[in-house]
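A.B. asks: Shown below is the structure under consideration.
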Amino acid sequence: MRTIPRGWVAALLAICLALTACAGTRRQHGGGSGQPIPGGTVSFALPPSAQPNWILPLALPGYTASYNGAIQSMLFVPLYAYDGTSGSVTMDPLASAALPPKYSADSRTVTITLRPLTWSNGQRLSTRDVEFWLNLVRANKSEWAAYTEGLMPDDIVGFHAVDDRTFTLTLDKTYNPDWFTANQLTLITPLPHSAWSRTGPGTPIGDADRTAAGAKQIFTYLASRAKNLGGYATDPLWKVVDGPFALSRFSSSGAVTVARNPRYSGPDRAHLDSVSFVTFTSASAEYNVLRSGGLDYGYVPTSNLGQRTVLEKQGYRISPWNGWSITYIPYNFNNPAMGKVFSQLYVRQAIQHAVNQPAITSVIWRGTAKPDYGPVPQDNDRKYLSDRQRTNPYPYDLNRSRQLLAAHGWKAGSDGILVCRSATSCGAGVAAGTRFAMTLLTESGSDETDNTMQELKSSFSKVGIEMTINGQPLNTVLGKGTSCKPADASCAWQLSYFGTQGSWYFPANPSGEQLFATNASVNFGSYSDKRTDDLINASNRSDSGTAMVDYSAHLAEQLPVIWMPNPPYQVSAIDSALHGVVQDPLAGLQPQRWFWTR
Amino acid sequence: MTRYLARRLVLAIVVVLLVTVVTFILLHLLPGGPARGVLGVKATAEQIAAFNEANGFNKPLPLQYWDYLLRLLHGDLGSSYTMNEDVTTLLAERLPKTLLLTVTSTLLATVIALPLGSWQATRRGKAVDHAATGVSFVLYATPVFFLSLLLIIVFAQLLPVFPAQAAQGEDIGTLLSQPASLVLPIVAGTGVTLAVLGRYMRSSTVDNLAEDYVRSARARGTSERAILWRHVWPNSLTSVVAMLGYYVPVIFSGSLVVESMFNYPGIGLLFWTAARNADFPVLLGVVLVIAIATVTGALLADVAQLLIDPRVRMPARAAA
């Protein structure tokens, strides 16, 4: 047989060399002089399968992901921005388009003055831009993802422009100013009336938004343009921005680049030239790129935290990004089989006593998750946190759990599972002979969640509670675990867990009107309690400083859900030469404050 | 022959339709539906109802399928719930990238495996044959994700020679502008196919070398090289070509893994993301493409066999 010709070998070598030359070497991380330098680029990893898909700062349902909001706020300055970068969730004046609001004595009128910002088309930011937003939302509120009946924009009954920079809002009733600013005024983002107030392509800019029909046409037009992801980077509409960045690249596969806005006129100017957002199929795919040095700001899957020192040697600093969030398992109080059992407070107390939060946080989450004992985020800011919640009313205690159940007529059957022996002792609606067996619908695909569920199952079995784990994709869990009536076929679920990345992220004020108020939209388990409703109402309406704290204490004791350890938003790996990064618990990004030191 | 091909084509269309029926039913029977997953935890009941109505999920399943089929006949694969694009556009953007990966990997595997298999067959039982067999067994037994991971660890992390992810962007030009980022995905895609084809070619060549026509040729004094290339090679190739055609779904599924490992923006990545987001139109579109590729591969394999092997043409003529 002939040997391989020398020419072929040479050609093969040449190809290899050419490719190697193209490849370059691993990007260097860490080090740096410590001195800030202007410019540079940062590559930032988005969460697995995250694809930014909405640019209009007026989101439709399905387009409300936190990364969409983060990118929007880099381009369009919200009326009020909050962040937790100071250690407490407070207003971020530099990132807000207005000076702090002034409330009248009866808290029914709010006076707001805009900062002297300029749109990139040269127009000044004016009260007309706020009115434009309000007109669009009023006419299209049912299509707006953030709409809740009775709240924004229903709670604003009057808009009056005092001058180009000052306006007043008249409210339909008295609200708690702290809550109203944090959870209602933050929903407003002034929109460039001078560029966007068209009813269709090529139509003149006008005041059509001042009629409901016109506002609907404008909204339809803007939404249709916002649905064209491929045109984001070139569409003149989206070039008119007032934020520190402008969009320079946007692909429907998730690759997005923002570049410093040279016409930004505010106090929060960007240091970097650009930020590139990259999406990944999975956390492990992201980690592979991170380990090869391909990212400046990424994240480390919990299962890879053992390699922390390797990453640190590579020039990254590792830091958990804790969310302004809570994690929980809702009980389905309307489930025909177990709803009445869950309705007994002693049952919920016994279950909560059997949740080994210290073990789950330290062993399963490797210390990155935080124990969670109530309805208020517990590990960032204590402004709204009661002592009762903070000190954990129901610590892990299997004996206490057993005693509670035994004292109410539950005795172990031949298989070791508790059975209600006396209807009168077990509580209203619980029939004698009821077995304490429940099914937990849980999201699949995460080792941490799987292990957490196994730990729960094991602990519950030790007190005589049988738990069957039903793992399903997150979408299925969310689809099945919704509020229902006992007679509905959809009411078969008993417990549901969707908290691998935190069950609920709050706006600046962690009030519970959407979660635990009777008939609230995200009250999946149909929890209903008069005292809770009163406290939620007080936290929204009264400026009493104690309402939120009382709410925190009451629900920590009432256990409308099973409180579970709260995982971080992510465990970040950040190039140690990149400074100015503060991980905002509200999951916002402030890349305009990031800067390189080499 | 024409009637034979026409019959195969009709059969192929029926298979593709059946695949869409099964996929459609399976996806739409998933409990909960896509609304909550797509709209998120904070969506209200009204918003979910509006989504279901807008997407026809409130209709009976057969009616939904009928609507889907009608749209399909007009070339409309629907719109992605999350990516705000027609599925046709998304597939048109991503398919060329996947084809670049799969076709290059398969060609590379073929170019190496066929001569290697034949060469091994002529050295059957010798040390080099055992060595090559050992290597191909290891490759064959290595899952694509593991091979990908190994390549990333060695060539992107330990020896930072090639990037661990492909160039991002919708434009195929972006991918081609950074050829180094294609090396590891292509090598990973080549690995298993190379082992399979090599083993198959070797065994086919060994079988053919033992045939009577080889003995006759040797008796006539034909040189070993002529026997191998003129007689044995075409015969051995027939079964390998057929196998390659039926191997299309395996190549595509391997590509899905490779794309997810290397963050390669092809239809595998599209499928992966759509599956996580319960984006039914995209999932159906990708399944349709893979189904079409599979039946086309099988059809091409049959045609290639007809052209290469006169023995196969006989029953085809008879059938015609």
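Ligands are numbered from 1 in the order shown, chains are lettered A, B, ... in the order of the structure tokens, and residues start at 1 in each chain.
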Counting only C-alpha atoms, which residues from chain B have an atom at most 7 Å from any atom of chain A, and could you show them as JSON, numbers by chain?
C.D. replies: {"B": [31, 32, 33, 34, 36, 37, 38, 39, 40, 41, 42, 43, 44, 82, 83, 84, 85, 156, 157, 160, 161, 162, 163, 164, 165, 168, 169, 170, 179, 180, 260, 261, 262, 263, 265, 269, 272, 273, 278]}
A.B. asks: Can you tell me, as an MDAnalysis selection string, which residues in segment 106-274 of chain B count as alpha helix (DSSP H) by DSSP?
C.D. replies: chainID B and resid 106:122 127:141 144:152 172:177 180:209 212:219 224:226 233:246 248:262 267:274
A.B. asks: Under the rule that only C-alpha atoms are counted, which of A:Leu46, A:Met564, A:Leu134, A:Ala70 is the nearest residue to Gly588 of chain A?
C.D. replies: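 Comparing A:Leu46, A:Met564, A:Leu134, A:Ala70 against Gly588 of chain A, the winner is A:Ala70.
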A.B. asks: Distance atom CA of Gly206 of chain A-atom CA of Tyr232 of chain A, one decimal place?
C.D. replies: 23.3 Å
A.B. asks: Would you compute the distance between atom CA of Cys484 of chain A and atom CA of Ile469 of chain A? Give it in Å to one decimal.
C.D. replies: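 Rounded to one decimal, the two atoms are 20.9 Å apart.
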A.B. asks: Measuring between only C-alpha atoms, which one of B:Gly221, B:Thr106, B:Ala166, B:Leu299 shows the shortest distance to Arg7 of chain B?
C.D. replies: B:Leu299
A.B. asks: So which residues touch Leu5 of chain B within 9 Å, counting only C-alpha atoms, skipping near sequence neighbours fewer than 4 positions away, as a list in words?
C.D. replies: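 The residues that qualify are Met1, Leu9, Val10, Leu299 and Val303 of chain B.
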A.B. asks: Determine the nearest neighbour of Ala233 of chain A from the options A:Ala259, A:Thr211, A:Pro116, A:Ala369, counting only C-alpha atoms.
C.D. replies: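 With only C-alpha atoms as the atom set, the closest residue is A:Ala259.
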A.B. asks: May I have the residues within 7 Å of segment 342-347 of chain A as a PyMOL selection string, using only C-alpha atoms and disregarding those fewer than 4 positions away in the same chain?
C.D. replies: chain A and resi 331+333+338+351+404-405+427+558
A.B. asks: Okay, now the selection with N, CA, C and O atoms, as a PDB file, in the first residue's frame?
C.D. replies:
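To be explicit, this is the file written out as selection-v9.pdb:
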```
ATOM      1  N   TYR A 331     -50.070  25.290  48.829  1.00  0.00           N
ATOM      2  CA  TYR A 331     -51.035  24.214  49.088  1.00  0.00           C
ATOM      3  C   TYR A 331     -52.248  24.491  48.203  1.00  0.00           C
ATOM      4  O   TYR A 331     -52.646  25.654  48.075  1.00  0.00           O
ATOM      5  N   PHE A 333     -55.763  24.588  48.537  1.00  0.00           N
ATOM      6  CA  PHE A 333     -56.803  24.493  49.566  1.00  0.00           C
ATOM      7  C   PHE A 333     -58.133  24.015  48.989  1.00  0.00           C
ATOM      8  O   PHE A 333     -59.033  23.665  49.742  1.00  0.00           O
ATOM      9  N   MET A 338     -57.284  16.648  49.674  1.00  0.00           N
ATOM     10  CA  MET A 338     -56.420  17.130  50.757  1.00  0.00           C
ATOM     11  C   MET A 338     -56.667  18.585  51.155  1.00  0.00           C
ATOM     12  O   MET A 338     -56.065  19.077  52.107  1.00  0.00           O
ATOM     13  N   ILE A 351     -46.192  20.395  58.945  1.00  0.00           N
ATOM     14  CA  ILE A 351     -45.440  20.252  57.686  1.00  0.00           C
ATOM     15  C   ILE A 351     -44.230  21.184  57.697  1.00  0.00           C
ATOM     16  O   ILE A 351     -43.112  20.786  57.352  1.00  0.00           O
ATOM     17  N   LEU A 404     -47.798  17.533  67.117  1.00  0.00           N
ATOM     18  CA  LEU A 404     -48.928  18.322  66.616  1.00  0.00           C
ATOM     19  C   LEU A 404     -49.966  17.429  65.946  1.00  0.00           C
ATOM     20  O   LEU A 404     -51.172  17.569  66.167  1.00  0.00           O
ATOM     21  N   LEU A 405     -49.477  16.504  65.135  1.00  0.00           N
ATOM     22  CA  LEU A 405     -50.409  15.635  64.406  1.00  0.00           C
ATOM     23  C   LEU A 405     -51.073  14.636  65.349  1.00  0.00           C
ATOM     24  O   LEU A 405     -52.291  14.396  65.261  1.00  0.00           O
ATOM     25  N   GLY A 427     -60.152  18.100  62.563  1.00  0.00           N
ATOM     26  CA  GLY A 427     -60.502  19.438  62.094  1.00  0.00           C
ATOM     27  C   GLY A 427     -61.670  19.422  61.137  1.00  0.00           C
ATOM     28  O   GLY A 427     -62.009  18.379  60.559  1.00  0.00           O
ATOM     29  N   GLN A 558     -49.125  32.066  59.800  1.00  0.00           N
ATOM     30  CA  GLN A 558     -50.301  31.432  59.190  1.00  0.00           C
ATOM     31  C   GLN A 558     -49.963  30.418  58.097  1.00  0.00           C
ATOM     32  O   GLN A 558     -50.792  29.596  57.732  1.00  0.00           O
TER      33      GLN A 558
END
```
